[in-house]
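Pasting target-v2.cif here (mmCIF, C-alpha atoms, pLDDT in the B column; chains and numbers go by the auth columns):
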```
data_data
loop_
_atom_site.group_PDB
_atom_site.id
_atom_site.type_symbol
_atom_site.label_atom_id
_atom_site.label_comp_id
_atom_site.label_asym_id
_atom_site.label_seq_id
_atom_site.Cartn_x
_atom_site.Cartn_y
_atom_site.Cartn_z
_atom_site.B_iso_or_equiv
_atom_site.auth_seq_id
_atom_site.auth_asym_id
ATOM 1 C CA MET A 1 142.751 89.033 105.369 62.00 1 U
ATOM 2 C CA ALA A 2 143.580 87.517 108.708 76.00 2 U
ATOM 3 C CA LEU A 3 145.782 84.448 108.924 69.00 3 U
ATOM 4 C CA VAL A 4 142.996 82.372 110.453 70.00 4 U
ATOM 5 C CA ASP A 5 140.701 83.221 107.533 73.00 5 U
ATOM 6 C CA TRP A 6 143.414 82.323 105.026 67.00 6 U
ATOM 7 C CA VAL A 7 144.138 78.988 106.707 64.00 7 U
ATOM 8 C CA GLY A 8 140.437 78.180 106.816 64.00 8 U
ATOM 9 C CA LYS A 9 140.019 79.017 103.160 73.00 9 U
ATOM 10 C CA HIS A 10 143.101 77.041 102.070 82.00 10 U
ATOM 11 C CA ARG A 11 142.804 74.089 104.443 85.00 11 U
ATOM 12 C CA GLU A 12 143.882 71.477 101.877 86.00 12 U
ATOM 13 C CA LEU A 13 146.972 73.484 100.939 88.00 13 U
ATOM 14 C CA VAL A 14 148.031 73.813 104.572 89.00 14 U
ATOM 15 C CA ARG A 15 147.482 70.101 105.194 90.00 15 U
ATOM 16 C CA PHE A 16 149.423 69.227 102.037 91.00 16 U
ATOM 17 C CA ALA A 17 152.323 71.396 103.243 93.00 17 U
ATOM 18 C CA VAL A 18 152.252 69.734 106.672 94.00 18 U
ATOM 19 C CA VAL A 19 152.368 66.294 105.042 94.00 19 U
ATOM 20 C CA GLY A 20 155.341 67.452 102.966 96.00 20 U
ATOM 21 C CA GLY A 21 157.175 68.545 106.102 97.00 21 U
ATOM 22 C CA ILE A 22 156.410 65.275 107.850 97.00 22 U
ATOM 23 C CA CYS A 23 157.675 63.279 104.880 97.00 23 U
ATOM 24 C CA PHE A 24 160.842 65.376 104.702 98.00 24 U
ATOM 25 C CA ALA A 25 161.470 64.479 108.352 98.00 25 U
ATOM 26 C CA VAL A 26 160.659 60.810 107.707 98.00 26 U
ATOM 27 C CA THR A 27 163.082 60.713 104.772 98.00 27 U
ATOM 28 C CA ASN A 28 165.910 62.208 106.804 98.00 28 U
ATOM 29 C CA ALA A 29 165.243 60.125 109.920 98.00 29 U
ATOM 30 C CA VAL A 30 165.074 56.815 108.049 98.00 30 U
ATOM 31 C CA ASN A 31 168.049 57.715 105.866 98.00 31 U
ATOM 32 C CA TYR A 32 170.316 58.576 108.788 97.00 32 U
ATOM 33 C CA ALA A 33 169.064 55.648 110.872 97.00 33 U
ATOM 34 C CA LEU A 34 169.916 53.233 108.073 97.00 34 U
ATOM 35 C CA LYS A 35 173.237 54.921 107.266 97.00 35 U
ATOM 36 C CA LEU A 36 174.381 54.859 110.862 96.00 36 U
ATOM 37 C CA THR A 37 173.302 51.293 111.619 96.00 37 U
ATOM 38 C CA VAL A 38 172.550 48.681 108.972 96.00 38 U
ATOM 39 C CA LEU A 39 173.687 50.216 105.686 96.00 39 U
ATOM 40 C CA THR A 40 176.917 51.956 106.638 94.00 40 U
ATOM 41 C CA ASP A 41 178.623 50.840 103.425 96.00 41 U
ATOM 42 C CA LYS A 42 175.672 51.631 101.141 96.00 42 U
ATOM 43 C CA PRO A 43 174.428 55.221 101.563 96.00 43 U
ATOM 44 C CA VAL A 44 172.584 55.253 98.228 97.00 44 U
ATOM 45 C CA THR A 45 170.583 52.172 99.191 97.00 45 U
ATOM 46 C CA ALA A 46 169.741 53.832 102.498 97.00 46 U
ATOM 47 C CA LEU A 47 168.472 56.937 100.707 97.00 47 U
ATOM 48 C CA VAL A 48 166.441 54.960 98.164 98.00 48 U
ATOM 49 C CA THR A 49 164.829 52.976 100.976 98.00 49 U
ATOM 50 C CA ALA A 50 164.060 56.161 102.904 98.00 50 U
ATOM 51 C CA VAL A 51 162.498 57.792 99.843 98.00 51 U
ATOM 52 C CA ILE A 52 160.301 54.748 99.166 97.00 52 U
ATOM 53 C CA ILE A 53 159.084 54.712 102.771 97.00 53 U
ATOM 54 C CA ALA A 54 158.418 58.466 102.740 98.00 54 U
ATOM 55 C CA THR A 55 156.521 58.149 99.453 96.00 55 U
ATOM 56 C CA ILE A 56 154.221 55.550 100.969 94.00 56 U
ATOM 57 C CA VAL A 57 153.700 57.707 104.071 96.00 57 U
ATOM 58 C CA SER A 58 152.976 60.713 101.860 95.00 58 U
ATOM 59 C CA TYR A 59 150.399 58.835 99.805 91.00 59 U
ATOM 60 C CA VAL A 60 148.582 57.534 102.870 89.00 60 U
ATOM 61 C CA LEU A 61 148.572 60.870 104.712 90.00 61 U
ATOM 62 C CA ASN A 62 147.469 62.859 101.680 89.00 62 U
ATOM 63 C CA ARG A 63 144.761 60.337 100.821 87.00 63 U
ATOM 64 C CA GLU A 64 143.401 59.979 104.360 86.00 64 U
ATOM 65 C CA TRP A 65 143.961 63.462 105.768 85.00 65 U
ATOM 66 C CA SER A 66 144.730 66.194 103.246 78.00 66 U
ATOM 67 C CA PHE A 67 142.294 65.269 100.492 76.00 67 U
ATOM 68 C CA ARG A 68 139.855 62.920 102.201 69.00 68 U
ATOM 69 C CA THR A 69 136.838 65.013 101.147 72.00 69 U
ATOM 70 C CA ARG A 70 137.612 64.656 97.457 72.00 70 U
ATOM 71 C CA GLY A 71 136.366 61.795 95.403 67.00 71 U
ATOM 72 C CA GLY A 72 138.665 59.556 93.530 68.00 72 U
ATOM 73 C CA ARG A 73 139.200 56.131 92.194 70.00 73 U
ATOM 74 C CA GLU A 74 139.422 53.035 94.303 73.00 74 U
ATOM 75 C CA ARG A 75 142.475 52.812 96.546 69.00 75 U
ATOM 76 C CA HIS A 76 144.151 49.903 94.787 74.00 76 U
ATOM 77 C CA HIS A 77 143.829 51.704 91.444 74.00 77 U
ATOM 78 C CA GLU A 78 145.278 54.956 92.819 70.00 78 U
ATOM 79 C CA ALA A 79 148.094 53.101 94.537 70.00 79 U
ATOM 80 C CA ALA A 80 148.967 51.343 91.292 74.00 80 U
ATOM 81 C CA LEU A 81 149.132 54.676 89.496 68.00 81 U
#
```
Structure re-expressed in structure tokens:
Amino acid sequence: MALVDWVGKHRELVRFAVVGGICFAVTNAVNYALKLTVLTDKPVTALVTAVIIATIVSYVLNREWSFRTRGGRERHHEAAL
């Protein structure tokens, strides 16, 4: 099976993996930006903030890009979950 066929068949999986990579980069970028500027004395707070931001980015990207063709509940209900 050619790579192009595999990617086409598993499009959601590939998009999910791309979102994971983006959120990993977001977590690290926000964490280091906060550690090196505003929260130099509080590295745990910087990491918690970075993880919260990356979680929100992950939810939005997965909802709007990776799994947009799937049905689901209303956005406010999913976000609350």
Pick from U:Ala79, U:Ala54, U:Val60, U:Val38 nearest to U:Cys23, counting only C-alpha atoms: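 Checking each of U:Ala79, U:Ala54, U:Val60, U:Val38 against U:Cys23, counting only C-alpha atoms, the winner is U:Ala54.
Atom pair atom CA of U:Asn28 / atom CA of U:Ile52 has a distance of 12.1 Å (rounded to one decimal).
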Which residues match the PyMOL selection byres ((chain U and resi 32) around 12) in the file above, as a list in words?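 Output of the PyMOL selection byres ((chain U and resi 32) around 12): Ala25, Val26, Thr27, Asn28, Ala29, Val30, Asn31, Ala33, Leu34, Lys35, Leu36, Thr37, Val38, Leu39, Thr40, Lys42, Pro43, Val44, Thr45, Ala46, Leu47, Val48, Thr49, Ala50 and Val51 of chain U.
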Mind working out the centre and edge lengths of an axis-aligned box for stretch 56-71 of chain U, all listed atoms inside, 6 Å added to each side, rounded to one decimal in Å and written as lines of an AutoDock Vina configuration file?
```
center_x = 145.3
center_y = 60.9
center_z = 100.6
size_x = 29.9
size_y = 22.6
size_z = 22.4
```
Which one is closest to U:Thr69: U:Phe24, U:Ala17, U:Thr55, U:Glu12? Count all atoms listed in the file.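 Among the listed residues, the smallest separation from U:Thr69 belongs to U:Glu12.
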Interatomic distance, atom CA of U:Val19 to atom CA of U:Arg63 (Å, one decimal): 10.5 Å
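The space separating atom CA of U:Arg11 from atom CA of U:Arg70 comes to 12.8 Å.
Candidate residues U:Ser58, U:His76, U:Ser66, U:Ala2 were compared for distance to U:Ile22, and the nearest is U:Ser58, using all atoms listed in the file.
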Taking the structure I provided as the source, export stretch 33-72 of chain U with N, CA and C atoms, as a PDB file, in the first residue's frame.
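Printed below is out.pdb as written:
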```pdb
ATOM      1  N   ALA U  33       8.227  30.953  26.957  1.00  0.00           N
ATOM      2  CA  ALA U  33       8.008  32.400  26.895  1.00  0.00           C
ATOM      3  C   ALA U  33       7.627  32.942  28.269  1.00  0.00           C
ATOM      4  N   LEU U  34       6.756  32.230  28.965  1.00  0.00           N
ATOM      5  CA  LEU U  34       6.363  32.684  30.301  1.00  0.00           C
ATOM      6  C   LEU U  34       7.502  32.539  31.309  1.00  0.00           C
ATOM      7  N   LYS U  35       8.233  31.432  31.231  1.00  0.00           N
ATOM      8  CA  LYS U  35       9.349  31.221  32.164  1.00  0.00           C
ATOM      9  C   LYS U  35      10.445  32.265  32.007  1.00  0.00           C
ATOM     10  N   LEU U  36      10.695  32.658  30.781  1.00  0.00           N
ATOM     11  CA  LEU U  36      11.794  33.582  30.524  1.00  0.00           C
ATOM     12  C   LEU U  36      11.407  35.053  30.646  1.00  0.00           C
ATOM     13  N   THR U  37      10.108  35.330  30.804  1.00  0.00           N
ATOM     14  CA  THR U  37       9.693  36.730  30.882  1.00  0.00           C
ATOM     15  C   THR U  37       8.926  37.016  32.170  1.00  0.00           C
ATOM     16  N   VAL U  38       7.676  36.663  32.217  1.00  0.00           N
ATOM     17  CA  VAL U  38       6.776  37.091  33.282  1.00  0.00           C
ATOM     18  C   VAL U  38       6.879  36.226  34.529  1.00  0.00           C
ATOM     19  N   LEU U  39       6.955  34.928  34.354  1.00  0.00           N
ATOM     20  CA  LEU U  39       6.903  34.004  35.496  1.00  0.00           C
ATOM     21  C   LEU U  39       8.251  33.335  35.768  1.00  0.00           C
ATOM     22  N   THR U  40       9.287  34.133  35.896  1.00  0.00           N
ATOM     23  CA  THR U  40      10.615  33.561  36.119  1.00  0.00           C
ATOM     24  C   THR U  40      10.716  32.827  37.455  1.00  0.00           C
ATOM     25  N   ASP U  41       9.980  33.288  38.449  1.00  0.00           N
ATOM     26  CA  ASP U  41      10.033  32.664  39.771  1.00  0.00           C
ATOM     27  C   ASP U  41       9.033  31.528  39.946  1.00  0.00           C
ATOM     28  N   LYS U  42       8.151  31.326  38.979  1.00  0.00           N
ATOM     29  CA  LYS U  42       7.083  30.336  39.117  1.00  0.00           C
ATOM     30  C   LYS U  42       6.992  29.446  37.881  1.00  0.00           C
ATOM     31  N   PRO U  43       7.916  28.493  37.728  1.00  0.00           N
ATOM     32  CA  PRO U  43       7.902  27.639  36.536  1.00  0.00           C
ATOM     33  C   PRO U  43       6.699  26.697  36.464  1.00  0.00           C
ATOM     34  N   VAL U  44       6.172  26.280  37.605  1.00  0.00           N
ATOM     35  CA  VAL U  44       5.013  25.385  37.584  1.00  0.00           C
ATOM     36  C   VAL U  44       3.777  26.133  37.082  1.00  0.00           C
ATOM     37  N   THR U  45       3.614  27.357  37.505  1.00  0.00           N
ATOM     38  CA  THR U  45       2.501  28.180  37.029  1.00  0.00           C
ATOM     39  C   THR U  45       2.617  28.419  35.531  1.00  0.00           C
ATOM     40  N   ALA U  46       3.828  28.618  35.050  1.00  0.00           N
ATOM     41  CA  ALA U  46       4.042  28.800  33.617  1.00  0.00           C
ATOM     42  C   ALA U  46       3.635  27.542  32.849  1.00  0.00           C
ATOM     43  N   LEU U  47       4.001  26.381  33.367  1.00  0.00           N
ATOM     44  CA  LEU U  47       3.652  25.133  32.688  1.00  0.00           C
ATOM     45  C   LEU U  47       2.149  24.877  32.725  1.00  0.00           C
ATOM     46  N   VAL U  48       1.519  25.126  33.856  1.00  0.00           N
ATOM     47  CA  VAL U  48       0.067  24.921  33.957  1.00  0.00           C
ATOM     48  C   VAL U  48      -0.655  25.838  32.979  1.00  0.00           C
ATOM     49  N   THR U  49      -0.230  27.078  32.890  1.00  0.00           N
ATOM     50  CA  THR U  49      -0.837  28.021  31.953  1.00  0.00           C
ATOM     51  C   THR U  49      -0.639  27.554  30.514  1.00  0.00           C
ATOM     52  N   ALA U  50       0.550  27.092  30.196  1.00  0.00           N
ATOM     53  CA  ALA U  50       0.835  26.610  28.844  1.00  0.00           C
ATOM     54  C   ALA U  50      -0.017  25.390  28.495  1.00  0.00           C
ATOM     55  N   VAL U  51      -0.194  24.491  29.446  1.00  0.00           N
ATOM     56  CA  VAL U  51      -1.000  23.297  29.202  1.00  0.00           C
ATOM     57  C   VAL U  51      -2.468  23.664  28.992  1.00  0.00           C
ATOM     58  N   ILE U  52      -2.974  24.611  29.759  1.00  0.00           N
ATOM     59  CA  ILE U  52      -4.369  25.042  29.593  1.00  0.00           C
ATOM     60  C   ILE U  52      -4.567  25.666  28.212  1.00  0.00           C
ATOM     61  N   ILE U  53      -3.651  26.508  27.796  1.00  0.00           N
ATOM     62  CA  ILE U  53      -3.748  27.136  26.478  1.00  0.00           C
ATOM     63  C   ILE U  53      -3.670  26.081  25.379  1.00  0.00           C
ATOM     64  N   ALA U  54      -2.742  25.146  25.495  1.00  0.00           N
ATOM     65  CA  ALA U  54      -2.604  24.096  24.482  1.00  0.00           C
ATOM     66  C   ALA U  54      -3.825  23.185  24.447  1.00  0.00           C
ATOM     67  N   THR U  55      -4.460  22.955  25.580  1.00  0.00           N
ATOM     68  CA  THR U  55      -5.669  22.140  25.615  1.00  0.00           C
ATOM     69  C   THR U  55      -6.799  22.820  24.855  1.00  0.00           C
ATOM     70  N   ILE U  56      -6.930  24.118  25.029  1.00  0.00           N
ATOM     71  CA  ILE U  56      -7.956  24.861  24.304  1.00  0.00           C
ATOM     72  C   ILE U  56      -7.665  24.841  22.805  1.00  0.00           C
ATOM     73  N   VAL U  57      -6.421  25.053  22.428  1.00  0.00           N
ATOM     74  CA  VAL U  57      -6.034  24.999  21.013  1.00  0.00           C
ATOM     75  C   VAL U  57      -6.309  23.616  20.442  1.00  0.00           C
ATOM     76  N   SER U  58      -5.990  22.583  21.192  1.00  0.00           N
ATOM     77  CA  SER U  58      -6.227  21.213  20.740  1.00  0.00           C
ATOM     78  C   SER U  58      -7.707  20.947  20.518  1.00  0.00           C
ATOM     79  N   TYR U  59      -8.537  21.369  21.451  1.00  0.00           N
ATOM     80  CA  TYR U  59      -9.978  21.162  21.307  1.00  0.00           C
ATOM     81  C   TYR U  59     -10.497  21.847  20.049  1.00  0.00           C
ATOM     82  N   VAL U  60     -10.119  23.102  19.857  1.00  0.00           N
ATOM     83  CA  VAL U  60     -10.626  23.857  18.718  1.00  0.00           C
ATOM     84  C   VAL U  60     -10.144  23.246  17.408  1.00  0.00           C
ATOM     85  N   LEU U  61      -8.862  22.927  17.311  1.00  0.00           N
ATOM     86  CA  LEU U  61      -8.334  22.356  16.070  1.00  0.00           C
ATOM     87  C   LEU U  61      -8.931  20.980  15.770  1.00  0.00           C
ATOM     88  N   ASN U  62      -9.056  20.149  16.775  1.00  0.00           N
ATOM     89  CA  ASN U  62      -9.638  18.829  16.539  1.00  0.00           C
ATOM     90  C   ASN U  62     -11.110  18.938  16.162  1.00  0.00           C
ATOM     91  N   ARG U  63     -11.821  19.831  16.800  1.00  0.00           N
ATOM     92  CA  ARG U  63     -13.252  19.999  16.512  1.00  0.00           C
ATOM     93  C   ARG U  63     -13.465  20.564  15.115  1.00  0.00           C
ATOM     94  N   GLU U  64     -12.682  21.581  14.748  1.00  0.00           N
ATOM     95  CA  GLU U  64     -12.915  22.290  13.489  1.00  0.00           C
ATOM     96  C   GLU U  64     -12.137  21.731  12.298  1.00  0.00           C
ATOM     97  N   TRP U  65     -11.102  20.945  12.542  1.00  0.00           N
ATOM     98  CA  TRP U  65     -10.304  20.470  11.416  1.00  0.00           C
ATOM     99  C   TRP U  65     -10.239  18.952  11.360  1.00  0.00           C
ATOM    100  N   SER U  66      -9.806  18.319  12.422  1.00  0.00           N
ATOM    101  CA  SER U  66      -9.594  16.869  12.388  1.00  0.00           C
ATOM    102  C   SER U  66     -10.891  16.090  12.255  1.00  0.00           C
ATOM    103  N   PHE U  67     -11.887  16.443  13.032  1.00  0.00           N
ATOM    104  CA  PHE U  67     -13.116  15.659  13.096  1.00  0.00           C
ATOM    105  C   PHE U  67     -14.343  16.478  12.725  1.00  0.00           C
ATOM    106  N   ARG U  68     -14.193  17.401  11.813  1.00  0.00           N
ATOM    107  CA  ARG U  68     -15.314  18.285  11.467  1.00  0.00           C
ATOM    108  C   ARG U  68     -16.441  17.546  10.757  1.00  0.00           C
ATOM    109  N   THR U  69     -16.153  16.403  10.130  1.00  0.00           N
ATOM    110  CA  THR U  69     -17.193  15.677   9.403  1.00  0.00           C
ATOM    111  C   THR U  69     -18.050  14.811  10.320  1.00  0.00           C
ATOM    112  N   ARG U  70     -17.607  14.608  11.531  1.00  0.00           N
ATOM    113  CA  ARG U  70     -18.372  13.792  12.469  1.00  0.00           C
ATOM    114  C   ARG U  70     -19.431  14.634  13.161  1.00  0.00           C
ATOM    115  N   GLY U  71     -20.490  13.972  13.506  1.00  0.00           N
ATOM    116  CA  GLY U  71     -21.525  14.656  14.278  1.00  0.00           C
ATOM    117  C   GLY U  71     -21.085  14.773  15.725  1.00  0.00           C
ATOM    118  N   GLY U  72     -21.883  15.379  16.481  1.00  0.00           N
ATOM    119  CA  GLY U  72     -21.558  15.522  17.892  1.00  0.00           C
ATOM    120  C   GLY U  72     -22.601  16.367  18.579  1.00  0.00           C
TER     121      GLY U  72
END
```
